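Peer 1: What follows is start01.pdb, made up of PDB, C-alpha atoms:
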ATOM      1  CA  MET A   1     -28.373 -15.413  -1.571  1.00  0.00           C
ATOM      2  CA  ILE A   2     -28.361 -13.064  -4.569  1.00  0.00           C
ATOM      3  CA  LEU A   3     -31.409 -12.633  -6.787  1.00  0.00           C
ATOM      4  CA  LEU A   4     -30.367 -11.881 -10.367  1.00  0.00           C
ATOM      5  CA  VAL A   5     -33.134 -10.404 -12.538  1.00  0.00           C
ATOM      6  CA  ASP A   6     -32.692  -9.972 -16.297  1.00  0.00           C
ATOM      7  CA  ASP A   7     -34.848 -10.840 -19.289  1.00  0.00           C
ATOM      8  CA  GLU A   8     -31.777 -11.693 -21.396  1.00  0.00           C
ATOM      9  CA  GLU A   9     -31.254 -15.338 -20.450  1.00  0.00           C
ATOM     10  CA  GLY A  10     -27.743 -15.672 -21.879  1.00  0.00           C
ATOM     11  CA  TYR A  11     -26.521 -12.558 -20.092  1.00  0.00           C
ATOM     12  CA  ARG A  12     -28.232 -13.632 -16.857  1.00  0.00           C
ATOM     13  CA  GLU A  13     -26.552 -17.060 -17.057  1.00  0.00           C
ATOM     14  CA  LEU A  14     -23.151 -15.452 -17.642  1.00  0.00           C
ATOM     15  CA  ILE A  15     -23.436 -13.182 -14.589  1.00  0.00           C
ATOM     16  CA  ALA A  16     -24.798 -16.080 -12.515  1.00  0.00           C
ATOM     17  CA  ARG A  17     -21.693 -18.125 -13.366  1.00  0.00           C
ATOM     18  CA  VAL A  18     -19.427 -15.248 -12.306  1.00  0.00           C
ATOM     19  CA  LEU A  19     -21.281 -14.903  -8.993  1.00  0.00           C
ATOM     20  CA  THR A  20     -21.347 -18.650  -8.344  1.00  0.00           C
ATOM     21  CA  LYS A  21     -17.617 -18.928  -9.085  1.00  0.00           C
ATOM     22  CA  ALA A  22     -17.062 -16.130  -6.545  1.00  0.00           C
ATOM     23  CA  GLY A  23     -18.877 -18.217  -3.916  1.00  0.00           C
ATOM     24  CA  TYR A  24     -22.357 -16.700  -3.965  1.00  0.00           C
ATOM     25  CA  GLU A  25     -25.630 -18.608  -4.135  1.00  0.00           C
ATOM     26  CA  VAL A  26     -27.761 -17.223  -6.963  1.00  0.00           C
ATOM     27  CA  LEU A  27     -31.450 -17.381  -7.836  1.00  0.00           C
ATOM     28  CA  GLN A  28     -32.521 -16.144 -11.259  1.00  0.00           C
ATOM     29  CA  ALA A  29     -35.664 -14.411 -12.513  1.00  0.00           C
ATOM     30  CA  ALA A  30     -36.573 -13.323 -16.045  1.00  0.00           C
ATOM     31  CA  ASP A  31     -38.585 -10.265 -14.954  1.00  0.00           C
ATOM     32  CA  GLY A  32     -39.757  -8.276 -11.964  1.00  0.00           C
ATOM     33  CA  LEU A  33     -42.890 -10.344 -11.379  1.00  0.00           C
ATOM     34  CA  GLU A  34     -40.897 -13.566 -11.166  1.00  0.00           C
ATOM     35  CA  ALA A  35     -38.434 -11.778  -8.879  1.00  0.00           C
ATOM     36  CA  LEU A  36     -41.205 -10.726  -6.478  1.00  0.00           C
ATOM     37  CA  SER A  37     -42.434 -14.310  -6.328  1.00  0.00           C
ATOM     38  CA  LEU A  38     -38.927 -15.555  -5.471  1.00  0.00           C
ATOM     39  CA  LEU A  39     -38.518 -12.809  -2.861  1.00  0.00           C
ATOM     40  CA  GLU A  40     -41.676 -14.028  -1.121  1.00  0.00           C
ATOM     41  CA  ARG A  41     -40.412 -17.626  -0.980  1.00  0.00           C
ATOM     42  CA  SER A  42     -36.660 -17.249  -0.421  1.00  0.00           C
ATOM     43  CA  LYS A  43     -34.231 -15.468   1.867  1.00  0.00           C
ATOM     44  CA  ILE A  44     -32.580 -12.964  -0.448  1.00  0.00           C
ATOM     45  CA  ASP A  45     -29.655 -10.814   0.702  1.00  0.00           C
ATOM     46  CA  LEU A  46     -29.231  -8.638  -2.396  1.00  0.00           C
ATOM     47  CA  VAL A  47     -30.979  -8.004  -5.737  1.00  0.00           C
ATOM     48  CA  ILE A  48     -29.222  -7.293  -9.034  1.00  0.00           C
ATOM     49  CA  SER A  49     -31.755  -6.243 -11.664  1.00  0.00           C
ATOM     50  CA  ASP A  50     -31.816  -5.027 -15.232  1.00  0.00           C
ATOM     51  CA  ILE A  51     -33.931  -1.907 -15.735  1.00  0.00           C
ATOM     52  CA  LEU A  52     -35.582  -2.581 -19.107  1.00  0.00           C
ATOM     53  CA  MET A  53     -37.657  -5.774 -18.865  1.00  0.00           C
ATOM     54  CA  PRO A  54     -41.154  -6.867 -19.827  1.00  0.00           C
ATOM     55  CA  ALA A  55     -43.934  -7.473 -17.281  1.00  0.00           C
ATOM     56  CA  LEU A  56     -42.350  -5.442 -14.460  1.00  0.00           C
ATOM     57  CA  ASN A  57     -39.281  -3.299 -15.129  1.00  0.00           C
ATOM     58  CA  GLY A  58     -36.414  -2.604 -12.731  1.00  0.00           C
ATOM     59  CA  TYR A  59     -37.819   0.728 -11.527  1.00  0.00           C
ATOM     60  CA  ALA A  60     -41.186  -0.823 -10.660  1.00  0.00           C
ATOM     61  CA  LEU A  61     -39.418  -3.748  -8.989  1.00  0.00           C
ATOM     62  CA  VAL A  62     -37.427  -1.363  -6.784  1.00  0.00           C
ATOM     63  CA  ALA A  63     -40.606   0.521  -5.847  1.00  0.00           C
ATOM     64  CA  ARG A  64     -42.264  -2.720  -4.733  1.00  0.00           C
ATOM     65  CA  LEU A  65     -39.102  -3.879  -2.968  1.00  0.00           C
ATOM     66  CA  ARG A  66     -38.927  -0.639  -0.988  1.00  0.00           C
ATOM     67  CA  ALA A  67     -42.554  -1.047   0.111  1.00  0.00           C
ATOM     68  CA  LYS A  68     -42.030  -4.533   1.549  1.00  0.00           C
ATOM     69  CA  TRP A  69     -38.250  -4.841   2.090  1.00  0.00           C
ATOM     70  CA  PRO A  70     -37.097  -1.239   2.620  1.00  0.00           C
ATOM     71  CA  THR A  71     -33.482  -2.108   3.464  1.00  0.00           C
ATOM     72  CA  MET A  72     -32.891  -4.673   0.694  1.00  0.00           C
ATOM     73  CA  PRO A  73     -29.645  -3.832  -1.135  1.00  0.00           C
ATOM     74  CA  VAL A  74     -30.234  -3.348  -4.871  1.00  0.00           C
ATOM     75  CA  ILE A  75     -27.911  -2.938  -7.845  1.00  0.00           C
ATOM     76  CA  LEU A  76     -29.550  -1.867 -11.119  1.00  0.00           C
ATOM     77  CA  THR A  77     -27.983  -2.533 -14.518  1.00  0.00           C
ATOM     78  CA  THR A  78     -28.678  -1.425 -18.072  1.00  0.00           C
ATOM     79  CA  GLY A  79     -26.940  -1.113 -21.388  1.00  0.00           C
ATOM     80  CA  PHE A  80     -28.231   2.454 -21.667  1.00  0.00           C
ATOM     81  CA  LEU A  81     -27.078   5.567 -19.858  1.00  0.00           C
ATOM     82  CA  PRO A  82     -28.931   5.762 -16.545  1.00  0.00           C
ATOM     83  CA  PRO A  83     -31.516   8.486 -16.161  1.00  0.00           C
ATOM     84  CA  ALA A  84     -31.359  10.458 -12.933  1.00  0.00           C
ATOM     85  CA  LYS A  85     -34.077   8.353 -11.340  1.00  0.00           C
ATOM     86  CA  THR A  86     -31.874   5.255 -11.639  1.00  0.00           C
ATOM     87  CA  MET A  87     -30.061   6.306  -8.515  1.00  0.00           C
ATOM     88  CA  MET A  88     -33.378   6.457  -6.611  1.00  0.00           C
ATOM     89  CA  ASN A  89     -32.047   9.033  -4.142  1.00  0.00           C
ATOM     90  CA  GLY A  90     -29.109   6.781  -3.286  1.00  0.00           C
ATOM     91  CA  SER A  91     -31.249   3.786  -2.375  1.00  0.00           C
ATOM     92  CA  VAL A  92     -29.766   1.675  -5.153  1.00  0.00           C
ATOM     93  CA  ASP A  93     -26.428   1.407  -6.915  1.00  0.00           C
ATOM     94  CA  PHE A  94     -25.966   1.343 -10.663  1.00  0.00           C
ATOM     95  CA  ILE A  95     -23.539  -0.549 -12.882  1.00  0.00           C
ATOM     96  CA  PRO A  96     -23.614  -0.232 -16.678  1.00  0.00           C
ATOM     97  CA  LYS A  97     -23.666  -3.174 -19.071  1.00  0.00           C
ATOM     98  CA  PRO A  98     -21.544  -4.856 -20.110  1.00  0.00           C
ATOM     99  CA  ILE A  99     -20.870  -5.541 -16.449  1.00  0.00           C
ATOM    100  CA  ASP A 100     -17.272  -5.638 -15.305  1.00  0.00           C
ATOM    101  CA  SER A 101     -17.155  -8.644 -12.981  1.00  0.00           C
ATOM    102  CA  GLU A 102     -14.572  -7.158 -10.599  1.00  0.00           C
ATOM    103  CA  THR A 103     -16.603  -3.967 -10.191  1.00  0.00           C
ATOM    104  CA  LEU A 104     -19.777  -5.990  -9.610  1.00  0.00           C
ATOM    105  CA  LEU A 105     -18.123  -8.242  -7.014  1.00  0.00           C
ATOM    106  CA  GLY A 106     -16.752  -5.163  -5.219  1.00  0.00           C
ATOM    107  CA  MET A 107     -20.229  -3.600  -5.122  1.00  0.00           C
ATOM    108  CA  ILE A 108     -21.734  -6.827  -3.776  1.00  0.00           C
ATOM    109  CA  GLN A 109     -19.119  -7.075  -1.031  1.00  0.00           C
ATOM    110  CA  SER A 110     -19.702  -3.452  -0.065  1.00  0.00           C
ATOM    111  CA  LYS A 111     -23.506  -3.794  -0.029  1.00  0.00           C
ATOM    112  CA  THR A 112     -23.561  -7.076   1.909  1.00  0.00           C
ATOM    113  CA  ALA A 113     -21.021  -5.792   4.453  1.00  0.00           C
ATOM    114  CA  ALA A 114     -23.119  -2.650   5.013  1.00  0.00           C
ATOM    115  CA  GLN A 115     -26.271  -4.777   5.315  1.00  0.00           C
ATOM    116  CA  SER A 116     -24.585  -7.017   7.906  1.00  0.00           C
ATOM    117  CA  GLN A 117     -23.565  -3.986   9.947  1.00  0.00           C
ATOM    118  CA  ASN A 118     -27.091  -2.546   9.772  1.00  0.00           C
ATOM    119  CA  THR A 119     -28.775  -5.790  10.849  1.00  0.00           C
ATOM    120  CA  GLY A 120     -26.048  -7.083  13.132  1.00  0.00           C
ATOM    121  CA  THR A 121     -25.827 -10.344  11.188  1.00  0.00           C
ATOM    122  CA  ASN A 122     -23.219 -11.949   9.028  1.00  0.00           C
ATOM    123  CA  SER A 123     -23.947 -12.903   5.421  1.00  0.00           C
TER     124      SER A 123
END
Is it possible to express this structure as structure tokens?

Peer 2:
Amino acid sequence: MILLVDDEEGYRELIARVLTKAGYEVLQAADGLEALSLLERSKIDLVISDILMPALNGYALVARLRAKWPTMPVILTTGFLPPAKTMMNGSVDFIPKPIDSETLLGMIQSKTAAQSQNTGTNS
């Protein structure tokens, strides 16, 4: 299950359709606080999050994710050039907006395959 977090509803819906068409189950959240609530209640395999959002931005979301789910794969997105801290010492990947669907799907496959190897499970 992929958790897609973006305050731009239209953009979030578009990416969700791409992911669903590719065979992924998708939950959506409009900000980091809603994302944390969904993470508590659902089995999430990967998080894709915008950086600039109200309530709880992508950086703060990643910080809270790392505290509770340290191995959760994360892909951050933004329409702006990523500052150095976007890479979070390699703990997250980055893809610029507008998102190229093939690049995103390749990143997801890579992250979920690595996660499966680390946990010994299949996604």

Peer 1: Scan for residues within 10 Å of the point (-29.0, -18.3, 1.3) in the coordinates of the file, using only C-alpha atoms, and reply as a short mmCIF file (atom, residue, chain, number, x, y, z; two decimals) with C-alpha atoms, in the coordinates of the input.

Peer 2:
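New file result.cif:
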data_model
loop_
_atom_site.label_atom_id
_atom_site.label_comp_id
_atom_site.auth_asym_id
_atom_site.auth_seq_id
_atom_site.Cartn_x
_atom_site.Cartn_y
_atom_site.Cartn_z
CA MET A 1 -28.37 -15.41 -1.57
CA ILE A 2 -28.36 -13.06 -4.57
CA TYR A 24 -22.36 -16.70 -3.96
CA GLU A 25 -25.63 -18.61 -4.14
CA VAL A 26 -27.76 -17.22 -6.96
CA LEU A 27 -31.45 -17.38 -7.84
CA SER A 42 -36.66 -17.25 -0.42
CA LYS A 43 -34.23 -15.47 1.87
CA ILE A 44 -32.58 -12.96 -0.45
CA ASP A 45 -29.66 -10.81 0.70
CA SER A 123 -23.95 -12.90 5.42
#

Peer 1: For a quick check of your reading of the model, name the residues lying within 8 Å of the coordinate (-26.7, -9.8, -10.4), counting all atoms listed in the file, and write them as a ChimeraX atom specification.

Peer 2: /A:2-5,12,15-16,19,47-49,75,104

Peer 1: Which distance in Å separates CA of Leu61 (chain A) and CA of Gly32 (chain A), to one decimal?

Peer 2: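 The value is 5.4 Å.
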
Peer 1: Nearest to Asp31 (chain A): which of A:Phe94, A:Leu14, A:Leu46, A:Leu52 is it, counting all atoms listed in the file?

Peer 2: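 Counting all atoms listed in the file, the residue closest to Asp31 (chain A) is A:Leu52.
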
Peer 1: Apply the PyMOL selection byres ((chain A and resi 53) around 9) to the displayed file and report the matching residues as number ranges by chain.

Peer 2: A: 6-8, 30-32, 50-52, 54-58

Peer 1: Of the residues A:Tyr59, A:Arg64, A:Tyr11, A:Ser116, which is the one nearest to Ser37 (chain A), using only C-alpha atoms?

Peer 2: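 Among A:Tyr59, A:Arg64, A:Tyr11, A:Ser116, it is A:Arg64 that comes nearest to Ser37 (chain A).
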
Peer 1: From the set A:Lys21, A:Thr112, A:Thr71, A:Val62, which residue has the shortest atom-to-atom contact distance to Ala35 (chain A), counting only C-alpha atoms?

Peer 2: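 Selected residue with least distance to Ala35 (chain A): A:Val62.
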
Peer 1: With distances taken over only C-alpha atoms, which of A:Ala113, A:Leu76, A:Ala67, A:Val18 is nearest to Ser101 (chain A)?

Peer 2: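 Of all the options, A:Val18 lies closest to Ser101 (chain A).
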
Peer 1: Work out how far CA of Glu40 (chain A) is from CA of Val74 (chain A), in Å to one decimal.

Peer 2: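 If I compute the distance from CA of Val74 (chain A) to CA of Glu40 (chain A), I get 16.1 Å.
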
Peer 1: To test your reading of the syntax: which residues would the PyMOL selection byres ((chain A and resi 78) around 6) return for the file shown? Reply as a ChimeraX atom specification.

Peer 2: /A:50-51,77,79-80,96-97

Peer 1: If you measure from CA of Glu34 (chain A) to CA of Thr103 (chain A), what distance in Å do you get, rounded to one decimal?

Peer 2: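 Distance between the two atoms: 26.1 Å.
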
Peer 1: What are the centre and the three edge lengths of an axis-aligned box that wraps all atoms of region 31-40 of chain A in the file, given that 3 Å is added to every side, written as AutoDock Vina command-line options and rounded to one decimal in Å?

Peer 2:
--center_x -40.7 --center_y -11.9 --center_z -8.0 --size_x 10.5 --size_y 13.3 --size_z 19.8

Peer 1: Tell me which of A:Gly23, A:Pro73, A:Leu38, A:Ile95 sits closest to Ser110 (chain A), counting all atoms listed in the file.

Peer 2: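 Result for the nearest residue to Ser110 (chain A): A:Pro73.
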